[in-house]
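Pasting coords-v6.txt here (compact mmCIF, C-alpha atoms and all ligand atoms):
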# COMPACT_ATOMS: atom_id res chain seq x y z
CA MET G 1400 -9.44 -21.97 3.51
CA ILE G 1401 -10.16 -18.33 2.88
CA LEU G 1402 -10.38 -16.89 -0.63
CA GLY G 1403 -9.51 -13.19 -0.73
CA ILE G 1404 -10.26 -10.71 -3.53
CA GLU G 1405 -8.85 -7.18 -3.80
CA THR G 1406 -9.63 -4.68 -6.60
CA SER G 1407 -9.45 -1.28 -4.90
CA CYS G 1408 -7.12 0.43 -7.36
CA ASP G 1409 -5.22 -0.84 -10.39
CA ASP G 1410 -4.17 -4.35 -9.35
CA THR G 1411 -6.53 -7.31 -9.74
CA CYS G 1412 -5.68 -9.61 -6.83
CA ALA G 1413 -6.82 -12.96 -5.43
CA ALA G 1414 -5.26 -15.14 -2.76
CA VAL G 1415 -5.83 -18.26 -0.71
CA VAL G 1416 -4.89 -18.09 2.97
CA THR G 1417 -5.37 -20.66 5.74
CA PRO G 1418 -7.14 -19.75 9.01
CA ASP G 1419 -3.75 -19.62 10.77
CA GLY G 1420 -2.33 -17.15 8.28
CA GLU G 1421 -0.34 -19.35 5.92
CA ILE G 1422 -0.38 -17.90 2.39
CA LEU G 1423 -1.03 -20.68 -0.12
CA SER G 1424 -1.23 -18.37 -3.12
CA ASN G 1425 -1.13 -14.62 -3.74
CA VAL G 1426 -1.82 -13.62 -7.34
CA VAL G 1427 -1.56 -10.03 -8.58
CA ALA G 1428 -2.37 -8.97 -12.13
CA SER G 1429 -0.94 -5.49 -12.35
CA GLN G 1430 -2.51 -2.99 -14.70
CA GLY G 1431 0.46 -0.61 -14.40
CA LEU G 1432 1.39 -0.68 -18.08
CA LEU G 1433 -2.19 0.03 -19.09
CA HIS G 1434 -2.22 3.29 -17.13
CA GLU G 1435 1.38 4.34 -17.75
CA ARG G 1436 0.61 6.38 -20.88
CA TYR G 1437 -1.81 8.53 -18.84
CA GLY G 1438 0.68 9.11 -16.01
CA GLY G 1439 -1.73 7.74 -13.40
CA VAL G 1440 -4.63 5.38 -12.84
CA VAL G 1441 -7.71 6.05 -15.00
CA PRO G 1442 -10.63 4.80 -12.88
CA GLU G 1443 -12.90 3.67 -15.74
CA ILE G 1444 -10.10 1.78 -17.45
CA ALA G 1445 -9.20 0.13 -14.14
CA SER G 1446 -12.79 -1.05 -13.52
CA ARG G 1447 -13.12 -2.51 -16.99
CA ARG G 1448 -9.81 -4.32 -16.71
CA HIS G 1449 -10.75 -5.73 -13.29
CA LEU G 1450 -13.91 -7.10 -14.87
CA GLU G 1451 -11.89 -8.81 -17.60
CA LEU G 1452 -9.33 -10.25 -15.18
CA VAL G 1453 -11.09 -11.09 -11.92
CA ASP G 1454 -12.35 -14.58 -12.85
CA ALA G 1455 -9.01 -15.67 -14.32
CA VAL G 1456 -7.04 -14.27 -11.38
CA THR G 1457 -9.34 -16.05 -8.90
CA ALA G 1458 -9.03 -19.34 -10.80
CA ASP G 1459 -5.25 -18.89 -10.86
CA ALA G 1460 -5.12 -18.27 -7.10
CA LEU G 1461 -7.09 -21.46 -6.43
CA GLU G 1462 -4.94 -23.47 -8.83
CA ARG G 1463 -1.66 -22.21 -7.40
CA ALA G 1464 -2.90 -23.09 -3.91
CA ASP G 1465 -3.61 -26.55 -5.32
CA THR G 1466 -7.22 -26.31 -4.21
CA SER G 1467 -10.71 -25.56 -5.51
CA LEU G 1468 -13.82 -23.71 -4.42
CA ASP G 1469 -14.92 -26.95 -2.73
CA ASP G 1470 -12.31 -26.33 -0.02
CA VAL G 1471 -13.04 -22.64 0.47
CA ARG G 1472 -14.86 -21.99 3.76
CA SER G 1473 -15.23 -18.21 3.47
CA VAL G 1474 -14.65 -15.36 1.05
CA ALA G 1475 -13.04 -12.03 1.98
CA VAL G 1476 -13.16 -8.90 -0.14
CA THR G 1477 -11.95 -5.31 0.00
CA ARG G 1478 -14.98 -3.14 0.60
CA GLY G 1479 -13.10 0.19 0.56
CA PRO G 1480 -11.56 2.71 0.53
CA GLY G 1481 -10.57 2.96 -3.11
CA LEU G 1482 -11.95 3.67 -6.57
CA ILE G 1483 -15.66 2.93 -6.39
CA GLY G 1484 -15.99 1.30 -9.82
CA ALA G 1485 -12.92 -0.84 -9.20
CA LEU G 1486 -14.13 -1.90 -5.73
CA LEU G 1487 -17.56 -2.82 -7.11
CA VAL G 1488 -16.05 -5.42 -9.42
CA GLY G 1489 -14.36 -7.22 -6.51
CA VAL G 1490 -17.35 -6.92 -4.18
CA SER G 1491 -19.81 -8.19 -6.82
CA SER G 1492 -17.53 -11.04 -7.78
CA ALA G 1493 -16.95 -12.07 -4.15
CA LYS G 1494 -20.67 -11.90 -3.40
CA ALA G 1495 -21.48 -14.06 -6.41
CA LEU G 1496 -18.85 -16.67 -5.53
CA ALA G 1497 -19.91 -16.82 -1.89
CA ALA G 1498 -23.65 -16.80 -2.59
CA ALA G 1499 -23.42 -19.56 -5.19
CA ARG G 1500 -22.08 -21.85 -2.45
CA GLY G 1501 -23.86 -20.33 0.54
CA LEU G 1502 -20.49 -19.34 2.06
CA PRO G 1503 -19.98 -16.50 4.54
CA LEU G 1504 -18.42 -13.26 3.26
CA THR G 1505 -16.18 -10.82 5.12
CA PRO G 1506 -15.92 -7.21 3.93
CA VAL G 1507 -12.45 -5.86 4.76
CA ASN G 1508 -11.09 -2.32 5.08
CA HIS G 1509 -8.19 -2.01 2.63
CA LEU G 1510 -6.10 0.01 5.08
CA HIS G 1511 -6.56 -2.56 7.78
CA GLY G 1512 -5.35 -5.12 5.25
CA HIS G 1513 -2.07 -3.19 4.90
CA VAL G 1514 -1.77 -3.18 8.70
CA VAL G 1515 -2.52 -6.91 9.04
CA ALA G 1516 0.00 -7.76 6.31
CA SER G 1517 2.52 -7.54 9.15
CA THR G 1518 0.96 -10.51 10.92
CA LEU G 1519 1.31 -12.77 7.88
CA GLY G 1520 4.09 -14.70 6.25
CA GLU G 1521 7.15 -16.17 7.89
CA ASN G 1522 8.10 -14.88 11.37
CA PRO G 1523 4.99 -12.73 11.74
CA ILE G 1524 4.92 -10.00 14.38
CA GLU G 1525 2.22 -10.04 17.08
CA PRO G 1526 0.36 -7.06 18.58
CA PRO G 1527 0.84 -4.81 20.45
CA LEU G 1528 2.71 -3.05 17.68
CA LEU G 1529 3.05 0.22 15.85
CA CYS G 1530 2.70 0.25 12.09
CA LEU G 1531 3.59 2.83 9.47
CA VAL G 1532 1.66 2.29 6.26
CA ALA G 1533 2.74 4.38 3.27
CA SER G 1534 1.05 3.68 -0.04
CA GLY G 1535 -0.10 5.51 -3.15
CA GLY G 1536 -3.34 6.63 -1.57
CA HIS G 1537 -2.61 6.71 2.17
CA THR G 1538 0.10 7.38 4.71
CA PHE G 1539 -0.50 6.84 8.41
CA VAL G 1540 1.07 5.55 11.57
CA ALA G 1541 -1.18 3.36 13.70
CA ARG G 1542 -1.22 1.50 16.95
CA VAL G 1543 -2.42 -2.10 16.86
CA ASP G 1544 -3.41 -3.69 20.17
CA ASP G 1545 -5.59 -6.36 18.64
CA PRO G 1546 -5.33 -7.66 15.07
CA ALA G 1547 -9.03 -6.88 14.53
CA ASP G 1548 -8.48 -3.14 14.67
CA HIS G 1549 -5.99 -0.28 14.49
CA THR G 1550 -5.99 3.25 15.85
CA VAL G 1551 -4.58 5.95 13.58
CA LEU G 1552 -2.11 8.12 15.50
CA GLY G 1553 -1.23 10.43 12.62
CA GLN G 1554 -1.85 10.60 8.90
CA THR G 1555 -1.11 12.67 5.85
CA LEU G 1556 -2.89 15.99 5.60
CA ASP G 1557 -2.45 16.13 1.83
CA ASP G 1558 -0.50 13.79 -0.50
CA ALA G 1559 0.43 10.23 0.46
CA ALA G 1560 4.12 9.25 0.43
CA GLY G 1561 3.60 7.02 -2.63
CA GLU G 1562 1.79 9.87 -4.33
CA ALA G 1563 4.82 12.08 -3.61
CA PHE G 1564 6.99 9.48 -5.37
CA ASP G 1565 4.55 9.25 -8.29
CA LYS G 1566 4.14 13.03 -8.72
CA GLY G 1567 7.86 13.61 -8.23
CA ALA G 1568 8.62 11.08 -10.96
CA ARG G 1569 6.23 12.86 -13.26
CA ILE G 1570 7.96 16.19 -12.63
CA LEU G 1571 11.27 14.49 -13.44
CA GLY G 1572 9.83 13.07 -16.65
CA LEU G 1573 9.92 9.48 -15.38
CA GLU G 1574 7.25 6.85 -15.91
CA TYR G 1575 4.38 5.74 -13.67
CA PRO G 1576 4.38 4.35 -10.99
CA GLY G 1577 7.19 6.60 -9.87
CA GLY G 1578 8.28 4.86 -6.66
CA PRO G 1579 10.24 1.98 -8.18
CA VAL G 1580 11.78 4.26 -10.84
CA ILE G 1581 12.96 6.89 -8.35
CA ASP G 1582 14.22 4.09 -6.10
CA ARG G 1583 16.37 2.73 -8.95
CA LEU G 1584 17.59 6.12 -10.18
CA ALA G 1585 18.39 7.34 -6.66
CA LYS G 1586 21.05 4.65 -6.35
CA GLU G 1587 23.11 6.53 -8.97
CA GLY G 1588 22.62 9.97 -7.43
CA ASP G 1589 23.85 12.06 -4.50
CA PRO G 1590 21.15 12.31 -1.81
CA GLU G 1591 22.71 15.49 -0.45
CA ALA G 1592 22.98 17.33 -3.77
CA PHE G 1593 19.74 19.23 -3.20
CA ASP G 1594 18.17 20.40 0.02
CA PHE G 1595 14.45 19.60 0.01
CA PRO G 1596 12.05 20.45 2.88
CA ARG G 1597 11.16 17.84 5.53
CA SER G 1598 7.67 18.83 6.59
CA LEU G 1599 6.50 17.65 10.04
CA PRO G 1600 3.15 19.42 10.49
CA GLY G 1601 1.60 20.03 13.93
CA ASP G 1602 2.58 18.65 17.32
CA GLY G 1603 1.40 15.12 16.60
CA LEU G 1604 2.39 12.47 14.09
CA ASP G 1605 0.77 13.83 10.93
CA PHE G 1606 2.48 13.97 7.54
CA SER G 1607 2.48 16.42 4.66
CA PHE G 1608 4.17 15.83 1.32
CA SER G 1609 2.62 18.39 -1.02
CA GLY G 1610 5.19 21.12 -0.17
CA LEU G 1611 8.01 18.74 -1.03
CA LYS G 1612 6.51 18.03 -4.43
CA THR G 1613 6.19 21.79 -5.09
CA ALA G 1614 9.80 22.33 -3.99
CA LEU G 1615 10.91 19.75 -6.56
CA LEU G 1616 8.83 21.43 -9.25
CA TYR G 1617 10.43 24.83 -8.55
CA ARG G 1618 13.90 23.34 -8.40
CA VAL G 1619 13.44 21.67 -11.79
CA ARG G 1620 12.16 24.95 -13.24
CA ASP G 1621 15.14 26.86 -11.82
CA LEU G 1622 17.60 24.37 -13.25
CA GLY G 1623 16.03 24.42 -16.69
CA GLU G 1624 15.14 21.39 -18.76
CA ASP G 1625 18.63 20.31 -19.84
CA GLU G 1626 20.32 20.73 -16.47
CA ALA G 1627 17.40 19.06 -14.65
CA GLU G 1628 17.69 16.11 -16.99
CA ARG G 1629 21.47 15.93 -16.51
CA ARG G 1630 21.05 15.97 -12.71
CA ARG G 1631 18.03 13.71 -12.60
CA ALA G 1632 19.70 11.04 -10.47
CA ASP G 1633 20.79 13.66 -7.89
CA LEU G 1634 17.29 15.14 -7.84
CA ALA G 1635 15.74 11.68 -7.40
CA ALA G 1636 18.18 10.72 -4.62
CA SER G 1637 17.69 14.00 -2.72
CA TYR G 1638 13.92 13.85 -3.12
CA GLN G 1639 13.77 10.25 -1.91
CA ARG G 1640 16.04 11.11 1.03
CA ALA G 1641 13.59 13.85 2.12
CA ILE G 1642 10.63 11.43 2.04
CA VAL G 1643 12.49 8.69 3.92
CA ASP G 1644 13.77 11.20 6.53
CA VAL G 1645 10.19 12.19 7.30
CA LEU G 1646 9.00 8.58 7.56
CA GLU G 1647 11.90 7.76 9.87
CA THR G 1648 11.32 10.81 12.08
CA ARG G 1649 7.64 9.99 12.56
CA ALA G 1650 8.47 6.33 13.24
CA ARG G 1651 11.01 7.33 15.91
CA GLN G 1652 8.56 9.76 17.51
CA ALA G 1653 5.78 7.13 17.55
CA ILE G 1654 8.07 4.58 19.23
CA GLU G 1655 9.16 7.15 21.83
CA GLN G 1656 5.68 8.49 22.53
CA TYR G 1657 3.85 5.19 22.74
CA GLY G 1658 6.54 3.04 24.27
CA VAL G 1659 5.68 0.11 22.01
CA SER G 1660 8.80 -1.72 20.94
CA ARG G 1661 7.44 -3.63 17.97
CA PHE G 1662 7.29 -1.77 14.69
CA ALA G 1663 6.03 -2.83 11.27
CA ILE G 1664 6.19 -1.00 7.97
CA GLY G 1665 3.73 -1.56 5.14
CA GLY G 1666 2.14 -0.26 1.95
CA GLY G 1667 3.76 0.13 -1.46
CA VAL G 1668 6.43 2.54 -0.20
CA ALA G 1669 7.69 -0.19 2.17
CA ALA G 1670 9.13 -1.69 -1.03
CA ASN G 1671 11.54 1.29 -1.17
CA SER G 1672 15.12 0.13 -0.64
CA GLU G 1673 16.26 3.21 1.29
CA TRP G 1674 13.23 3.12 3.62
CA ARG G 1675 13.65 -0.63 4.21
CA ALA G 1676 17.30 -0.11 5.15
CA ARG G 1677 16.64 2.95 7.32
CA ALA G 1678 13.81 1.25 9.19
CA GLN G 1679 16.37 -1.31 10.37
CA GLU G 1680 17.99 1.44 12.42
CA LEU G 1681 14.83 2.13 14.44
CA ASP G 1682 15.02 1.38 18.11
CA ALA G 1683 12.42 -1.40 17.89
CA GLU G 1684 11.82 -5.00 16.98
CA LEU G 1685 11.16 -4.44 13.29
CA TRP G 1686 9.03 -6.29 10.79
CA VAL G 1687 9.69 -5.51 7.13
CA PRO G 1688 7.25 -7.34 4.88
CA PRO G 1689 8.31 -9.26 1.79
CA MET G 1690 7.71 -7.19 -1.36
CA ALA G 1691 4.58 -9.15 -2.28
CA LEU G 1692 2.90 -8.06 0.96
CA CYS G 1693 3.91 -4.37 0.61
CA THR G 1694 2.04 -3.40 -2.53
CA ASP G 1695 -1.64 -4.16 -2.94
CA ASN G 1696 -2.48 -7.86 -2.66
CA ALA G 1697 -5.36 -10.11 -1.63
CA ALA G 1698 -3.42 -12.18 0.93
CA MET G 1699 -3.55 -9.22 3.32
CA ILE G 1700 -7.34 -9.00 2.78
CA ALA G 1701 -7.92 -12.71 3.40
CA GLY G 1702 -5.51 -12.42 6.34
CA ALA G 1703 -7.37 -9.49 7.89
CA SER G 1704 -10.71 -11.29 7.56
CA ARG G 1705 -9.48 -13.91 10.07
CA PHE G 1706 -9.99 -11.43 12.89
CA GLN G 1707 -13.45 -10.27 11.86
CA GLN G 1708 -16.95 -11.61 12.16
CA PRO G 1709 -18.01 -12.89 8.70
CA MET G 1710 -21.46 -12.07 7.32
CA PRO G 1711 -23.53 -15.24 6.86
CA TYR G 1712 -25.33 -16.00 3.59
CA PRO G 1713 -27.56 -14.23 2.51
CA ASP G 1714 -27.02 -11.15 4.72
CA TYR G 1715 -24.29 -9.76 2.47
CA LEU G 1716 -26.33 -9.66 -0.72
CA SER G 1717 -27.10 -5.99 -0.09
CA LEU G 1718 -23.46 -5.18 0.83
CA ASP G 1719 -22.08 -2.19 -1.07
CA ALA G 1720 -18.56 -1.07 -1.82
CA SER G 1721 -17.49 2.19 -0.20
CA ALA G 1722 -14.99 4.65 -1.69
CA ARG G 1723 -14.52 6.35 1.68
CA PRO G 1724 -12.28 5.08 4.50
CA ALA G 1725 -15.15 4.74 6.99
CA ALA G 1726 -16.21 1.47 5.37
O1 LIG G 1801 0.08 -0.10 -1.53
P1 LIG G 1801 0.10 0.19 -2.99
O2 LIG G 1801 0.39 -0.92 -3.95
O3 LIG G 1801 -1.26 0.80 -3.47
C1 LIG G 1801 -2.05 1.69 -2.74
O4 LIG G 1801 -2.82 1.24 -1.87
O5 LIG G 1801 -1.91 2.89 -3.02
O6 LIG G 1801 1.15 1.38 -3.19
C2 LIG G 1801 1.46 1.90 -4.45
C3 LIG G 1801 2.46 3.02 -4.24
C4 LIG G 1801 2.75 3.82 -5.50
O7 LIG G 1801 2.64 5.19 -5.19
C5 LIG G 1801 4.19 3.45 -5.83
O8 LIG G 1801 4.92 4.49 -6.48
C6 LIG G 1801 4.75 3.14 -4.45
O9 LIG G 1801 3.71 2.49 -3.77
N1 LIG G 1801 5.93 2.29 -4.53
C7 LIG G 1801 7.16 2.69 -4.15
C8 LIG G 1801 8.05 1.62 -4.46
N2 LIG G 1801 7.32 0.60 -4.99
C9 LIG G 1801 6.03 1.03 -5.02
N3 LIG G 1801 7.58 3.84 -3.62
C10 LIG G 1801 8.89 3.98 -3.35
N4 LIG G 1801 9.81 3.02 -3.64
C11 LIG G 1801 9.44 1.84 -4.17
N5 LIG G 1801 10.35 0.89 -4.44
ZN ZN G 1802 -3.02 -0.24 -0.80
I'd like the structure from this file rewritten - as structure tokens, please.
Amino acid sequence: MILGIETSCDDTCAAVVTPDGEILSNVVASQGLLHERYGGVVPEIASRRHLELVDAVTADALERADTSLDDVRSVAVTRGPGLIGALLVGVSSAKALAAARGLPLTPVNHLHGHVVASTLGENPIEPPLLCLVASGGHTFVARVDDPADHTVLGQTLDDAAGEAFDKGARILGLEYPGGPVIDRLAKEGDPEAFDFPRSLPGDGLDFSFSGLKTALLYRVRDLGEDEAERRRADLAASYQRAIVDVLETRARQAIEQYGVSRFAIGGGVAANSEWRARAQELDAELWVPPMALCTDNAAMIAGASRFQQPMPYPDYLSLDASARPAA
């Protein structure tokens, strides 16, 4: 069995996955409420909370999988990208657990974890496939020919789609994280009430969401505080519609350009109800992950490690976390 640990942002996660991809447990201790009062993740607070939670979350993952460290054959951990202090807690903890038992350790790229999430769970999809990952920190469309790797075909030039939800929610005076709140509020609003820009930069498959966020800011200013509050559901619905339109357009273009008929969505924004429904209309065999595999989790990290060469003990003792994507 593989024990996975993920602490790249504000969720402390541990999971137990079998070598053939069955998820035996997938535990997430969310720190959302802790950061809500600041309107975003505070890195130092996140690191400290990871430190307090990581042992208990790991023990919980083993218990829920009805197993113990005796049955763990390798440990997988998110090496990066993410918040460096937060990553260090997971990497140190995974190294300690693995080293104490002389187990191999696999450092995993967080983004590849989001991609591989699509090969886990019930009815997993097999490469070759295209995958659109939209999370709080990243948004990209990738081609996956082999589960060990992915090639980025286009990515955001500024804000990530989840970031657009979070910043938009803040402008609308809603709490953090903004995605789920806008998703809920949008159901009561008119998605055509306001016309927001759909930015499709360049000739390729890149994304840009910062102009959209600015457009919302100006619109709220023009309306004035009271009117903006009264029309909050319409603003949320129109804003969400603009984001989902862009995701759908890039997905359609990727399918057309690359002629790959299998498509997976992933990342926290794949939990969005409008995006999940719209993705169904794509001209492809679609894989929409269960909610627990959309947002950050350790099952995707343990899952991704299955396709990588693990580092034997004690080679990984000098392994470092890496805040940058090139990990
Ligand atoms: O993948 P994730 O858990 O963490 C990162 O790697 O960033 O994604 C978190 C992001 C947040 O920006 C959050 O607002 C967004 O996913 N999100 C959603 C929804 N649920 C989470 N965005 C839109 N609709 C949702 N239902
Ligand atoms: Zn993520």
With a distance cut-off of 9 Å and all atoms listed in the file, select the neighbouring residues of range 1677-1680 of chain G, excluding the residue or stretch itself and same-chain residues fewer than 5 positions from it, and output the selection as a list in words.
Val1643, Asp1644, Leu1646, Glu1647, Ala1650, Ile1664, Ser1672, Leu1685, Trp1686 and Val1687 of chain G
Got time to write the residues from that selection, C-alpha atoms, as a PDB file, in the coordinates of the input?
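And here is the file that came out, out-v3.pdb:
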ATOM      1  CA  VAL G1643      12.490   8.690   3.920  1.00  0.00           C
ATOM      2  CA  ASP G1644      13.770  11.200   6.530  1.00  0.00           C
ATOM      3  CA  LEU G1646       9.000   8.580   7.560  1.00  0.00           C
ATOM      4  CA  GLU G1647      11.900   7.760   9.870  1.00  0.00           C
ATOM      5  CA  ALA G1650       8.470   6.330  13.240  1.00  0.00           C
ATOM      6  CA  ILE G1664       6.190  -1.000   7.970  1.00  0.00           C
ATOM      7  CA  SER G1672      15.120   0.130  -0.640  1.00  0.00           C
ATOM      8  CA  LEU G1685      11.160  -4.440  13.290  1.00  0.00           C
ATOM      9  CA  TRP G1686       9.030  -6.290  10.790  1.00  0.00           C
ATOM     10  CA  VAL G1687       9.690  -5.510   7.130  1.00  0.00           C
TER      11      VAL G1687
END
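The binding environment of ligand ZN 1802 (chain G), defined as every protein, DNA or RNA residue with an atom no more than 6 Å away and counting all atoms listed in the file, comprises Ser1534, Gly1666 and Asp1695 of chain G.
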May I ask you to write as a ChimeraX atom specification all residues lying at most 7 Å from ligand LIG 1801 (chain G), with all atoms listed in the file counted?
/G:1408,1534-1537,1561-1562,1564-1565,1576-1579,1581-1582,1666-1672,1693-1695
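Interatomic distance, CA of Ala1722 in chain G against CA of Ser1492 in chain G: 17.0 Å.
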Fewer than 5 positions away in the same chain doesn't count, so skip those; otherwise give me all residues within 8 Å of Cys1530 in chain G, counting all atoms listed in the file, as a ChimeraX atom specification.
/G:1514,1540-1543,1662-1665
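Here the question is which of G:Leu1433, G:Ala1413, G:Leu1519, G:Ala1560 gets nearest to Leu1531 in chain G using only C-alpha atoms, and that residue is G:Ala1560.
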What's the 9 Å shell around range 1633-1641 of chain G, counting only C-alpha atoms, without same-chain residues fewer than 4 positions away, as an mmCIF file with C-alpha atoms, in the coordinates of the input?
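Writing done, so here's part.cif:
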data_model
loop_
_atom_site.group_PDB
_atom_site.id
_atom_site.type_symbol
_atom_site.label_atom_id
_atom_site.label_comp_id
_atom_site.auth_asym_id
_atom_site.auth_seq_id
_atom_site.Cartn_x
_atom_site.Cartn_y
_atom_site.Cartn_z
ATOM 1 C CA PHE G 1564 6.990 9.480 -5.370
ATOM 2 C CA GLY G 1567 7.860 13.610 -8.230
ATOM 3 C CA ALA G 1568 8.620 11.080 -10.960
ATOM 4 C CA LEU G 1571 11.270 14.490 -13.440
ATOM 5 C CA ILE G 1581 12.960 6.890 -8.350
ATOM 6 C CA ASP G 1582 14.220 4.090 -6.100
ATOM 7 C CA LEU G 1584 17.590 6.120 -10.180
ATOM 8 C CA ALA G 1585 18.390 7.340 -6.660
ATOM 9 C CA LYS G 1586 21.050 4.650 -6.350
ATOM 10 C CA GLU G 1587 23.110 6.530 -8.970
ATOM 11 C CA GLY G 1588 22.620 9.970 -7.430
ATOM 12 C CA ASP G 1589 23.850 12.060 -4.500
ATOM 13 C CA PRO G 1590 21.150 12.310 -1.810
ATOM 14 C CA GLU G 1591 22.710 15.490 -0.450
ATOM 15 C CA ALA G 1592 22.980 17.330 -3.770
ATOM 16 C CA PHE G 1593 19.740 19.230 -3.200
ATOM 17 C CA ASP G 1594 18.170 20.400 0.020
ATOM 18 C CA PHE G 1595 14.450 19.600 0.010
ATOM 19 C CA PRO G 1596 12.050 20.450 2.880
ATOM 20 C CA ARG G 1597 11.160 17.840 5.530
ATOM 21 C CA SER G 1598 7.670 18.830 6.590
ATOM 22 C CA LEU G 1611 8.010 18.740 -1.030
ATOM 23 C CA LYS G 1612 6.510 18.030 -4.430
ATOM 24 C CA LEU G 1615 10.910 19.750 -6.560
ATOM 25 C CA ARG G 1618 13.900 23.340 -8.400
ATOM 26 C CA VAL G 1619 13.440 21.670 -11.790
ATOM 27 C CA ALA G 1627 17.400 19.060 -14.650
ATOM 28 C CA ARG G 1629 21.470 15.930 -16.510
ATOM 29 C CA VAL G 1645 10.190 12.190 7.300
ATOM 30 C CA LEU G 1646 9.000 8.580 7.560
ATOM 31 C CA GLU G 1673 16.260 3.210 1.290
ATOM 32 C CA TRP G 1674 13.230 3.120 3.620
#
Which neighbours of range 1450-1454 of chain G fall inside 7 Å, counting all atoms listed in the file, when residues of the same chain fewer than 3 positions from it are skipped, and could you give them as a PyMOL selection string?
chain G and resi 1411+1446-1447+1457-1458+1488
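Shortest atom-to-atom contact with Ala1464 in chain G among G:Lys1566, G:Ile1401, G:Ala1516, G:Pro1724: G:Ile1401, counting all atoms listed in the file.
Considering all atoms listed in the file, the residue among G:Val1515, G:Leu1487, G:Met1690, G:Met1710 positioned nearest to Asn1425 in chain G is G:Met1690.
Of the residues under consideration (G:Asp1545, G:Glu1435, G:Asp1605, G:Asp1470), G:Asp1545 shows the shortest atom-to-atom contact distance to Gln1707 in chain G when counting all atoms listed in the file.
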I'd like the neighbourhood of Tyr1712 in chain G as a PyMOL selection string, where a residue qualifies if any of its atoms comes within 8 Å (using all atoms listed in the file), though same-chain residues fewer than 4 positions away should be ignored.
chain G and resi 1497-1498+1501-1504+1716
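Minimum atom-to-atom distances from G:Arg1630, G:Arg1723, G:Arg1478, G:Arg1569 to Val1507 in chain G were compared using all atoms listed in the file, and the lowest value belongs to G:Arg1478.
Distance-wise, CA of Gln1554 in chain G and CA of Val1426 in chain G end up 29.2 Å apart.
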Shortest interatomic distance to Leu1604 in chain G - which of G:Leu1402, G:Ile1654, G:Ala1445, G:Leu1432, counting only C-alpha atoms
G:Ile1654
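For the pair CA of Thr1406 in chain G and CA of Ala1697 in chain G, the separation is 8.5 Å.
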